[in-house]
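This report concerns only the one structure given below.
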Amino acid sequence: MAEKRLSIQKILLPDKEPQASQWNLYYQGAELVCDICEDGTSRLLMGSFKEYNFCSYFNAISLEKWKKYTNVKKVYLKLEIKGDFEVAVEGYHLTAEAEQRKTYSRKRFKNAEKKYVEVEIPTDNKEMLFAFSIKTYSDCAFYGGTYDVTVDEELLHEVSIAISTTTFKKEDYIKKNVEMVRKELIADSYMGQHWYMHVVDNGRTLDKDEIESDHIYYHPNKNVGGAGGFARGMIEVLDQKEPVTHVLLMDDDVLIYAEALRRTYYLLHMIKDEYKEHFISGAMMKLEEMNVFWEDSAYISGGINRAAKIPRDMRFIRELLLNENINADLNNAYAAWWYCCIPIDKVKENGLPLPVFIRGDDIEFGIRNNAKMITMNGISLWHMGFATKYSAFMNGYQAFRNLLIMNACNNKGLADEIIAHFEDRIVVELHRFNYNVVKALLDAWNDYMKGPKFIEIEQCEKMLKEKSALNAKMKDLSEFDVNVNLADVYRPDPTNYIQRALYRLTQNGQRFWKTKWMDDSPAVISFDEFYNPQRETFHSNLLAVDVFAKKAELRSIDKKKYKLLKKRYKYIKNKYEKNKEKIEREYREEQPYLVSREFWNKYLEIEKYQ
């Protein structure tokens with residue numbers, strides 16, 4: 001068989017802001033000078049008689065995964081460097097969750113001018129990661145490099161990927177990402193003609209002429225949330241003149257290297273046949289803490305969505321290894337649509353997203369398609385975390401309603417778990433006098449019981465306005481005459497058995513308890529779902545604090561609201577118990593239509609917004 005040599009992974013240098021501040025994502029140790037050359041290339045300036053380790057989030061190669069998922073044969077490290085130096089090829093694995101480092105080869109070079117050097121990386125081993133270190137015997141300048149592989153040409157796949165991104169008034173992010181795709185992907189001599197991009201503009205504020213160019217398309221769209229935006233993107237990908245093999249769904253407000261997309265392409269280009277139907281799930285790194293990995297895949301368990309992995313500080317080699325060691329192929333799995341690459345045949349065979357507006361469209365799509373995941377260090381982007389985005393509309397209404405719809409449409413048998421989880425939420429939020437969130441949860445339950453006809457009607461902006469009115473009315477902390485220690489908000493208080501029993505029996509003073517027995521001084525609690533019952537017990541006022549925004553909402557006991565919500569809760573629960581099988585059956589029967597082109601063409605009024 002004829003062999004093809006490919007550069008599947010670039011060595012990245014910290015030459016772009018704001019990523020450059022996290023140099024430990026590129027190499028270990030102290031910060032080096034990253035110099036921009038006259039021709040626009042970059043170099044790291046390395047002092048003499050020192051050792052520099054490039055085992056890092058971006059610059060290690062996940063060899064175990066490349067071998068597992070692709071038809072890779074030989075692997076080479078190719079570096080461009082000037083000076084007198086030694087290159088060591090090193091493998092890394094875990095022993096009882098402790099990192100182990102093994103040196104496989106060392107080779108010295110003396111380059112009077114910058115030029116490429118090459119060493120082979122052994123593949124007959126069980127190392128999870130491979131990387132390299134450079135020991136200098138003079139001042140050196142390092143210009144980057146690549147990991148190259150050989151693969152039998154007959155085993156390569158023709159791959160074309162269309163990026164679909166949905167935006168709503170995030171012009172600065174979108175324009176930067178469009179320019180990145182144009183300059184660094186479409187202009188690539190090997191894979192450029194295999195990339196496309198569709199920008200779906202729900203806000204209709206972008207200039208088509210600024211966006212469109214060869215292989216990049218602009219589509220004004222109704223404001224129908226992420227589900228509607230991504231559905232429109234999928235439709236445009238299916239309809240484009242040049243057929244594609246994959247659609248890559250990506251959020252608008254993200255910071256991303258083209259390198260993540262390049263690695264995705266080469267994974268698919270060389271993929272083994274048994275993994276051709278897998279999704280590639282890109283990780284979310286926290287934009288506000290750029291060294292922190294947040295999530296790269298998730299699943300449904302216990303009635304709620306859960307991340308497959310825990311947050312990790314990716315500056316440390318042990319964390320890189322632990323992150324790669326966790327299985328992402330779980331039951332009821334899905335990939336979040338901040339970065340999710342899907343075989344287009346899945347869309348053709350199983351349909352478009354459900355019209356759930358926002359929150360849960362990616363969950364339902366993944367579960368409907370029985371998604372299997374491929375994840376890899378370095379295939380990622382930066383996105384703002386969710387700590388400051390907690391709201392009654394998103395975390396209450398949308399989360400509850402859409403999980404129930406997902407379960408019903410796909411006959412997953414998870415309804416009891418979902419209901420139990422959110423019933424617990426209702427009880428907790430009542431204890432915290434968070435009456436608007438309780439109303440949002442009850443609205444969600446009730447609207448779910450209206451059946452599929454309710455979500456067939458396009459009412460996204462109306463619902464957004466109506467339900468967002470339930471969100472907390474946060475004010476600056478300075479407006480409250482309360483001494484707040486921000487460091488103490490998320491610190492759990494020790495529990496007292498007697499207080500805990502009375503707290504539950506009286507629903508924090510809302511029944512069997514006189515108001516005069518309550519403490520009027522506000523207890524400081526968190527504004528999100530962090531639950532600290534001891535602190536709030538028998539306080540008639542609770543100051544719910546957002547420590548990140550330094551804002552708060554004052555909640556006060558209201559026994560009348562409590563009684564009305566409890567009454568409504570019992571009514572809805574009774575109604576659900578009587579009708580749950582009928583409702584689930586209606587969703588299952590209607591799902592094929594709800595994910596069809598016929599439905600979405602009508603829902604989106606595509607002809608109007610061409």
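Each chain of the structure tokens is named A, B, ... in the order shown, its residues numbered from 1; ligands are numbered from 1 in display order.
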
Inset, instruction - List every residue of range 69-260 of chain A that DSSP, applied to the backbone of this structure, places in strand (DSSP E or B), and write the result as a ChimeraX atom specification. - result: /A:70,75-95,98-121,129-136,140-152,161-167,195-201,213,216-220,246-251,255

Can you check which parts of range 380-462 of chain A lie within 12 Å of range 153-177 of chain A? Per residue, the shortest pair of atoms and distance in Å to one decimal, counting only C-alpha atoms, sorted by chain and number, as a tab-separated table.
```
residue	atom	partner	partner_atom	distance
A:Leu381	CA	A:Asn177	CA	11.4
A:Trp382	CA	A:Tyr173	CA	11.6
A:His383	CA	A:Tyr173	CA	11.0
```

Saved selection, atoms kept: all heavy atoms, as a PDB file, in the first residue's frame:
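Done, and the output landed in selection_38.pdb:
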```pdb
ATOM      1  N   LEU A 381     -12.297  24.889  22.875  1.00  0.00           N
ATOM      2  CA  LEU A 381     -12.446  26.335  22.711  1.00  0.00           C
ATOM      3  C   LEU A 381     -12.659  26.946  24.086  1.00  0.00           C
ATOM      4  O   LEU A 381     -12.825  26.238  25.077  1.00  0.00           O
ATOM      5  CB  LEU A 381     -13.610  26.671  21.764  1.00  0.00           C
ATOM      6  CG  LEU A 381     -14.960  25.952  21.950  1.00  0.00           C
ATOM      7  CD1 LEU A 381     -15.679  26.383  23.193  1.00  0.00           C
ATOM      8  CD2 LEU A 381     -15.836  26.152  20.726  1.00  0.00           C
ATOM      9  N   TRP A 382     -12.632  28.268  24.123  1.00  0.00           N
ATOM     10  CA  TRP A 382     -12.913  28.983  25.375  1.00  0.00           C
ATOM     11  C   TRP A 382     -14.303  29.606  25.298  1.00  0.00           C
ATOM     12  O   TRP A 382     -14.674  30.208  24.277  1.00  0.00           O
ATOM     13  CB  TRP A 382     -11.879  30.082  25.611  1.00  0.00           C
ATOM     14  CG  TRP A 382     -10.549  29.596  26.083  1.00  0.00           C
ATOM     15  CD1 TRP A 382     -10.175  29.290  27.366  1.00  0.00           C
ATOM     16  CD2 TRP A 382      -9.376  29.366  25.271  1.00  0.00           C
ATOM     17  NE1 TRP A 382      -8.866  28.892  27.404  1.00  0.00           N
ATOM     18  CE2 TRP A 382      -8.345  28.929  26.140  1.00  0.00           C
ATOM     19  CE3 TRP A 382      -9.106  29.493  23.910  1.00  0.00           C
ATOM     20  CZ2 TRP A 382      -7.079  28.622  25.677  1.00  0.00           C
ATOM     21  CZ3 TRP A 382      -7.837  29.179  23.444  1.00  0.00           C
ATOM     22  CH2 TRP A 382      -6.841  28.745  24.323  1.00  0.00           C
ATOM     23  N   HIS A 383     -15.041  29.442  26.377  1.00  0.00           N
ATOM     24  CA  HIS A 383     -16.412  29.951  26.460  1.00  0.00           C
ATOM     25  C   HIS A 383     -16.621  30.420  27.891  1.00  0.00           C
ATOM     26  O   HIS A 383     -16.117  29.814  28.832  1.00  0.00           O
ATOM     27  CB  HIS A 383     -17.378  28.810  26.112  1.00  0.00           C
ATOM     28  CG  HIS A 383     -18.809  29.224  25.908  1.00  0.00           C
ATOM     29  ND1 HIS A 383     -19.596  29.692  26.926  1.00  0.00           N
ATOM     30  CD2 HIS A 383     -19.595  29.225  24.795  1.00  0.00           C
ATOM     31  CE1 HIS A 383     -20.810  29.957  26.453  1.00  0.00           C
ATOM     32  NE2 HIS A 383     -20.834  29.684  25.167  1.00  0.00           N
TER      33      HIS A 383
END
```

Would you list the contacts of Glu536 in chain A as an mmCIF file with N, CA, C and O atoms, in the first residue's frame, taking every protein, DNA or RNA residue within 9 Å and counting only C-alpha atoms, but skipping same-chain residues closer than 6 positions in sequence?
```
data_model
loop_
_atom_site.group_PDB
_atom_site.id
_atom_site.type_symbol
_atom_site.label_atom_id
_atom_site.label_comp_id
_atom_site.auth_asym_id
_atom_site.auth_seq_id
_atom_site.Cartn_x
_atom_site.Cartn_y
_atom_site.Cartn_z
ATOM 1 N N HIS A 431 -38.103 26.573 50.413
ATOM 2 C CA HIS A 431 -37.395 26.852 51.669
ATOM 3 C C HIS A 431 -36.585 28.140 51.581
ATOM 4 O O HIS A 431 -36.402 28.837 52.583
ATOM 5 N N ARG A 432 -36.097 28.440 50.378
ATOM 6 C CA ARG A 432 -35.242 29.612 50.173
ATOM 7 C C ARG A 432 -36.041 30.845 49.741
ATOM 8 O O ARG A 432 -35.462 31.840 49.331
ATOM 9 N N ASN A 508 -39.150 25.961 56.645
ATOM 10 C CA ASN A 508 -38.437 27.194 57.018
ATOM 11 C C ASN A 508 -39.403 28.286 57.480
ATOM 12 O O ASN A 508 -39.344 29.442 57.041
ATOM 13 N N PRO A 522 -31.138 39.641 57.559
ATOM 14 C CA PRO A 522 -30.979 38.827 56.352
ATOM 15 C C PRO A 522 -29.826 37.819 56.483
ATOM 16 O O PRO A 522 -28.728 38.172 56.918
ATOM 17 N N ALA A 523 -30.099 36.596 56.130
ATOM 18 C CA ALA A 523 -29.051 35.576 56.046
ATOM 19 C C ALA A 523 -28.483 35.606 54.628
ATOM 20 O O ALA A 523 -29.233 35.671 53.648
ATOM 21 N N VAL A 524 -27.176 35.557 54.521
ATOM 22 C CA VAL A 524 -26.524 35.635 53.213
ATOM 23 C C VAL A 524 -26.371 34.229 52.630
ATOM 24 O O VAL A 524 -25.726 33.359 53.225
ATOM 25 N N ILE A 525 -26.994 34.010 51.452
ATOM 26 C CA ILE A 525 -26.924 32.713 50.771
ATOM 27 C C ILE A 525 -26.484 32.954 49.321
ATOM 28 O O ILE A 525 -26.375 34.099 48.875
ATOM 29 N N LEU A 542 -33.701 36.633 53.202
ATOM 30 C CA LEU A 542 -32.513 35.972 52.683
ATOM 31 C C LEU A 542 -31.910 36.849 51.589
ATOM 32 O O LEU A 542 -32.607 37.218 50.640
#
```

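Checking A:Leu268, A:Leu505, A:Ala420, A:Val437 one by one against Lys573 in chain A, counting only C-alpha atoms, you find the shortest gap at A:Ala420.
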
Spatial neighbours of Ala487 in chain A, max dist 12 Å, only C-alpha atoms, sep filter under 2 positions, as a PDB file with N, CA, C and O atoms, in the first residue's frame:
```pdb
ATOM      1  N   VAL A 484     -21.562  41.665  53.897  1.00  0.00           N
ATOM      2  CA  VAL A 484     -21.412  40.435  53.117  1.00  0.00           C
ATOM      3  C   VAL A 484     -19.939  40.101  52.939  1.00  0.00           C
ATOM      4  O   VAL A 484     -19.166  40.910  52.415  1.00  0.00           O
ATOM      5  N   ASN A 485     -19.553  38.924  53.395  1.00  0.00           N
ATOM      6  CA  ASN A 485     -18.220  38.396  53.135  1.00  0.00           C
ATOM      7  C   ASN A 485     -18.342  37.451  51.940  1.00  0.00           C
ATOM      8  O   ASN A 485     -18.855  36.338  52.056  1.00  0.00           O
ATOM      9  N   VAL A 489     -19.832  32.989  51.131  1.00  0.00           N
ATOM     10  CA  VAL A 489     -21.128  32.663  50.525  1.00  0.00           C
ATOM     11  C   VAL A 489     -21.245  31.176  50.218  1.00  0.00           C
ATOM     12  O   VAL A 489     -22.291  30.556  50.442  1.00  0.00           O
ATOM     13  N   TYR A 490     -20.182  30.577  49.719  1.00  0.00           N
ATOM     14  CA  TYR A 490     -20.231  29.161  49.336  1.00  0.00           C
ATOM     15  C   TYR A 490     -19.613  28.242  50.391  1.00  0.00           C
ATOM     16  O   TYR A 490     -19.266  27.106  50.104  1.00  0.00           O
ATOM     17  N   ARG A 491     -19.485  28.731  51.600  1.00  0.00           N
ATOM     18  CA  ARG A 491     -18.935  27.908  52.678  1.00  0.00           C
ATOM     19  C   ARG A 491     -20.083  27.258  53.444  1.00  0.00           C
ATOM     20  O   ARG A 491     -20.886  27.947  54.071  1.00  0.00           O
ATOM     21  N   PRO A 492     -20.207  25.922  53.411  1.00  0.00           N
ATOM     22  CA  PRO A 492     -21.333  25.275  54.094  1.00  0.00           C
ATOM     23  C   PRO A 492     -21.215  25.389  55.612  1.00  0.00           C
ATOM     24  O   PRO A 492     -20.135  25.262  56.174  1.00  0.00           O
ATOM     25  N   VAL A 524     -27.176  35.557  54.521  1.00  0.00           N
ATOM     26  CA  VAL A 524     -26.524  35.635  53.213  1.00  0.00           C
ATOM     27  C   VAL A 524     -26.371  34.229  52.630  1.00  0.00           C
ATOM     28  O   VAL A 524     -25.726  33.359  53.225  1.00  0.00           O
ATOM     29  N   ILE A 525     -26.994  34.010  51.452  1.00  0.00           N
ATOM     30  CA  ILE A 525     -26.924  32.713  50.771  1.00  0.00           C
ATOM     31  C   ILE A 525     -26.484  32.954  49.321  1.00  0.00           C
ATOM     32  O   ILE A 525     -26.375  34.099  48.875  1.00  0.00           O
ATOM     33  N   SER A 526     -26.276  31.882  48.593  1.00  0.00           N
ATOM     34  CA  SER A 526     -25.912  32.028  47.176  1.00  0.00           C
ATOM     35  C   SER A 526     -27.176  32.199  46.338  1.00  0.00           C
ATOM     36  O   SER A 526     -28.244  31.698  46.688  1.00  0.00           O
ATOM     37  N   VAL A 545     -26.834  36.132  46.975  1.00  0.00           N
ATOM     38  CA  VAL A 545     -25.700  36.897  46.447  1.00  0.00           C
ATOM     39  C   VAL A 545     -25.050  36.199  45.254  1.00  0.00           C
ATOM     40  O   VAL A 545     -24.796  34.990  45.284  1.00  0.00           O
ATOM     41  N   ASP A 546     -24.797  36.979  44.225  1.00  0.00           N
ATOM     42  CA  ASP A 546     -23.958  36.562  43.097  1.00  0.00           C
ATOM     43  C   ASP A 546     -22.561  37.099  43.379  1.00  0.00           C
ATOM     44  O   ASP A 546     -22.299  38.290  43.214  1.00  0.00           O
ATOM     45  N   VAL A 547     -21.650  36.215  43.813  1.00  0.00           N
ATOM     46  CA  VAL A 547     -20.330  36.669  44.240  1.00  0.00           C
ATOM     47  C   VAL A 547     -19.496  37.165  43.067  1.00  0.00           C
ATOM     48  O   VAL A 547     -18.554  37.944  43.249  1.00  0.00           O
ATOM     49  N   PHE A 548     -19.819  36.721  41.859  1.00  0.00           N
ATOM     50  CA  PHE A 548     -19.021  37.099  40.694  1.00  0.00           C
ATOM     51  C   PHE A 548     -19.377  38.504  40.206  1.00  0.00           C
ATOM     52  O   PHE A 548     -18.515  39.299  39.873  1.00  0.00           O
ATOM     53  N   LYS A 550     -21.079  40.622  42.110  1.00  0.00           N
ATOM     54  CA  LYS A 550     -21.225  41.455  43.309  1.00  0.00           C
ATOM     55  C   LYS A 550     -22.598  42.125  43.334  1.00  0.00           C
ATOM     56  O   LYS A 550     -22.743  43.317  43.578  1.00  0.00           O
TER      57      LYS A 550
END
```

Inset, instruction - Rank nothing, just name the residue among A:Lys467, A:Lys475, A:Lys10, A:Lys439 nearest to Lys561 in chain A, using only C-alpha atoms. - result: A:Lys439

Inset, instruction - Find the spatial neighbours of range 131-148 of chain A, counting only C-alpha atoms, within a cut-off of 6 Å - ignore same-chain residues fewer than 5 positions away - and output them as a ChimeraX atom specification. - result: /A:6-11,43-55,60,75-90

Legend entry - Closest of A:Asp188, A:Glu31, A:Glu236, A:Asp416 to Arg597 in chain A - atom-to-atom distances counting only C-alpha atoms: A:Glu236

Legend entry - Spatial neighbours of Leu594 in chain A, 9 Å, only C-alpha atoms, chain gap at least 2 places, as a ChimeraX atom specification: /A:351-355,452,455-456,590-592,596-600

Inset, instruction - Return the single residue from A:Gly385, A:Gly226, A:Gly451, A:Gly396 that is closest to Leu470 in chain A, with distances computed using only C-alpha atoms. - result: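 Ranking A:Gly385, A:Gly226, A:Gly451, A:Gly396 by distance to Leu470 in chain A, first place goes to A:Gly396.
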
Using only C-alpha atoms, which residues sit within 12 Å of Glu607 in chain A once same-chain residues fewer than 3 positions away are excluded, as an mmCIF file with all heavy atoms, in the first residue's frame?
```
data_model
loop_
_atom_site.group_PDB
_atom_site.id
_atom_site.type_symbol
_atom_site.label_atom_id
_atom_site.label_comp_id
_atom_site.auth_asym_id
_atom_site.auth_seq_id
_atom_site.Cartn_x
_atom_site.Cartn_y
_atom_site.Cartn_z
ATOM 1 N N HIS A 219 -26.835 33.594 6.594
ATOM 2 C CA HIS A 219 -28.265 33.310 6.551
ATOM 3 C C HIS A 219 -28.995 34.095 7.638
ATOM 4 O O HIS A 219 -28.877 33.752 8.830
ATOM 5 C CB HIS A 219 -28.528 31.820 6.761
ATOM 6 C CG HIS A 219 -27.684 30.928 5.921
ATOM 7 N ND1 HIS A 219 -27.878 30.773 4.561
ATOM 8 C CD2 HIS A 219 -26.614 30.137 6.243
ATOM 9 C CE1 HIS A 219 -26.981 29.929 4.084
ATOM 10 N NE2 HIS A 219 -26.205 29.538 5.082
ATOM 11 N N PRO A 220 -29.734 35.155 7.275
ATOM 12 C CA PRO A 220 -30.583 35.812 8.280
ATOM 13 C C PRO A 220 -31.682 34.856 8.721
ATOM 14 O O PRO A 220 -32.202 34.071 7.924
ATOM 15 C CB PRO A 220 -31.152 37.019 7.522
ATOM 16 C CG PRO A 220 -31.075 36.637 6.074
ATOM 17 C CD PRO A 220 -29.881 35.737 5.934
ATOM 18 N N ASN A 221 -32.051 34.917 9.996
ATOM 19 C CA ASN A 221 -32.983 33.932 10.540
ATOM 20 C C ASN A 221 -33.885 34.578 11.582
ATOM 21 O O ASN A 221 -33.537 35.604 12.173
ATOM 22 C CB ASN A 221 -32.199 32.778 11.193
ATOM 23 C CG ASN A 221 -32.991 31.504 11.329
ATOM 24 O OD1 ASN A 221 -33.703 31.106 10.416
ATOM 25 N ND2 ASN A 221 -32.862 30.839 12.472
ATOM 26 N N LYS A 222 -35.035 33.963 11.824
ATOM 27 C CA LYS A 222 -35.891 34.404 12.927
ATOM 28 C C LYS A 222 -35.159 34.193 14.247
ATOM 29 O O LYS A 222 -34.275 33.344 14.361
ATOM 30 C CB LYS A 222 -37.184 33.593 12.954
ATOM 31 C CG LYS A 222 -38.140 33.856 11.810
ATOM 32 C CD LYS A 222 -39.352 32.938 11.886
ATOM 33 C CE LYS A 222 -40.273 33.303 13.023
ATOM 34 N NZ LYS A 222 -41.520 32.500 12.998
ATOM 35 N N ARG A 232 -31.665 25.630 11.260
ATOM 36 C CA ARG A 232 -31.479 26.359 9.999
ATOM 37 C C ARG A 232 -30.096 26.063 9.412
ATOM 38 O O ARG A 232 -29.949 25.847 8.194
ATOM 39 C CB ARG A 232 -31.633 27.867 10.241
ATOM 40 C CG ARG A 232 -31.334 28.740 9.019
ATOM 41 C CD ARG A 232 -32.377 28.583 7.916
ATOM 42 N NE ARG A 232 -32.027 29.361 6.745
ATOM 43 C CZ ARG A 232 -32.326 30.645 6.567
ATOM 44 N NH1 ARG A 232 -32.977 31.314 7.533
ATOM 45 N NH2 ARG A 232 -31.983 31.273 5.453
ATOM 46 N N TRP A 600 -39.786 22.328 9.969
ATOM 47 C CA TRP A 600 -38.858 23.436 10.183
ATOM 48 C C TRP A 600 -38.962 24.499 9.101
ATOM 49 O O TRP A 600 -38.777 25.702 9.388
ATOM 50 C CB TRP A 600 -37.426 22.897 10.301
ATOM 51 C CG TRP A 600 -37.107 22.430 11.683
ATOM 52 C CD1 TRP A 600 -36.964 21.145 12.107
ATOM 53 C CD2 TRP A 600 -36.896 23.246 12.833
ATOM 54 N NE1 TRP A 600 -36.683 21.101 13.452
ATOM 55 C CE2 TRP A 600 -36.634 22.383 13.923
ATOM 56 C CE3 TRP A 600 -36.911 24.628 13.067
ATOM 57 C CZ2 TRP A 600 -36.372 22.854 15.218
ATOM 58 C CZ3 TRP A 600 -36.651 25.099 14.339
ATOM 59 C CH2 TRP A 600 -36.394 24.216 15.397
ATOM 60 N N ASN A 601 -39.262 24.112 7.871
ATOM 61 C CA ASN A 601 -39.450 25.125 6.826
ATOM 62 C C ASN A 601 -40.603 26.068 7.184
ATOM 63 O O ASN A 601 -40.518 27.283 6.984
ATOM 64 C CB ASN A 601 -39.727 24.455 5.479
ATOM 65 C CG ASN A 601 -38.484 23.865 4.856
ATOM 66 O OD1 ASN A 601 -37.366 24.271 5.173
ATOM 67 N ND2 ASN A 601 -38.661 22.901 3.965
ATOM 68 N N LYS A 602 -41.650 25.485 7.730
ATOM 69 C CA LYS A 602 -42.804 26.288 8.139
ATOM 70 C C LYS A 602 -42.491 27.106 9.389
ATOM 71 O O LYS A 602 -42.791 28.307 9.458
ATOM 72 C CB LYS A 602 -44.001 25.359 8.395
ATOM 73 C CG LYS A 602 -45.253 26.064 8.875
ATOM 74 C CD LYS A 602 -46.375 25.047 9.141
ATOM 75 C CE LYS A 602 -47.611 25.729 9.713
ATOM 76 N NZ LYS A 602 -48.683 24.737 10.017
ATOM 77 N N TYR A 603 -41.869 26.490 10.379
ATOM 78 C CA TYR A 603 -41.576 27.133 11.661
ATOM 79 C C TYR A 603 -40.631 28.319 11.489
ATOM 80 O O TYR A 603 -40.800 29.368 12.100
ATOM 81 C CB TYR A 603 -40.950 26.073 12.579
ATOM 82 C CG TYR A 603 -40.762 26.460 14.028
ATOM 83 C CD1 TYR A 603 -41.779 26.265 14.948
ATOM 84 C CD2 TYR A 603 -39.557 26.975 14.469
ATOM 85 C CE1 TYR A 603 -41.604 26.574 16.294
ATOM 86 C CE2 TYR A 603 -39.361 27.292 15.813
ATOM 87 C CZ TYR A 603 -40.391 27.094 16.713
ATOM 88 O OH TYR A 603 -40.204 27.411 18.044
ATOM 89 N N LEU A 604 -39.623 28.135 10.625
ATOM 90 C CA LEU A 604 -38.605 29.172 10.428
ATOM 91 C C LEU A 604 -39.006 30.218 9.395
ATOM 92 O O LEU A 604 -38.333 31.251 9.288
ATOM 93 C CB LEU A 604 -37.292 28.526 9.983
ATOM 94 C CG LEU A 604 -36.593 27.612 10.986
ATOM 95 C CD1 LEU A 604 -35.423 26.900 10.327
ATOM 96 C CD2 LEU A 604 -36.113 28.394 12.206
ATOM 97 N N GLN A 610 -34.758 34.355 3.557
ATOM 98 C CA GLN A 610 -33.634 34.012 2.679
ATOM 99 C C GLN A 610 -32.769 35.247 2.437
ATOM 100 O O GLN A 610 -33.280 36.339 2.269
ATOM 101 C CB GLN A 610 -34.140 33.470 1.333
ATOM 102 C CG GLN A 610 -34.738 32.072 1.435
ATOM 103 C CD GLN A 610 -33.692 30.986 1.671
ATOM 104 O OE1 GLN A 610 -32.505 31.274 1.800
ATOM 105 N NE2 GLN A 610 -34.135 29.752 1.775
#
```
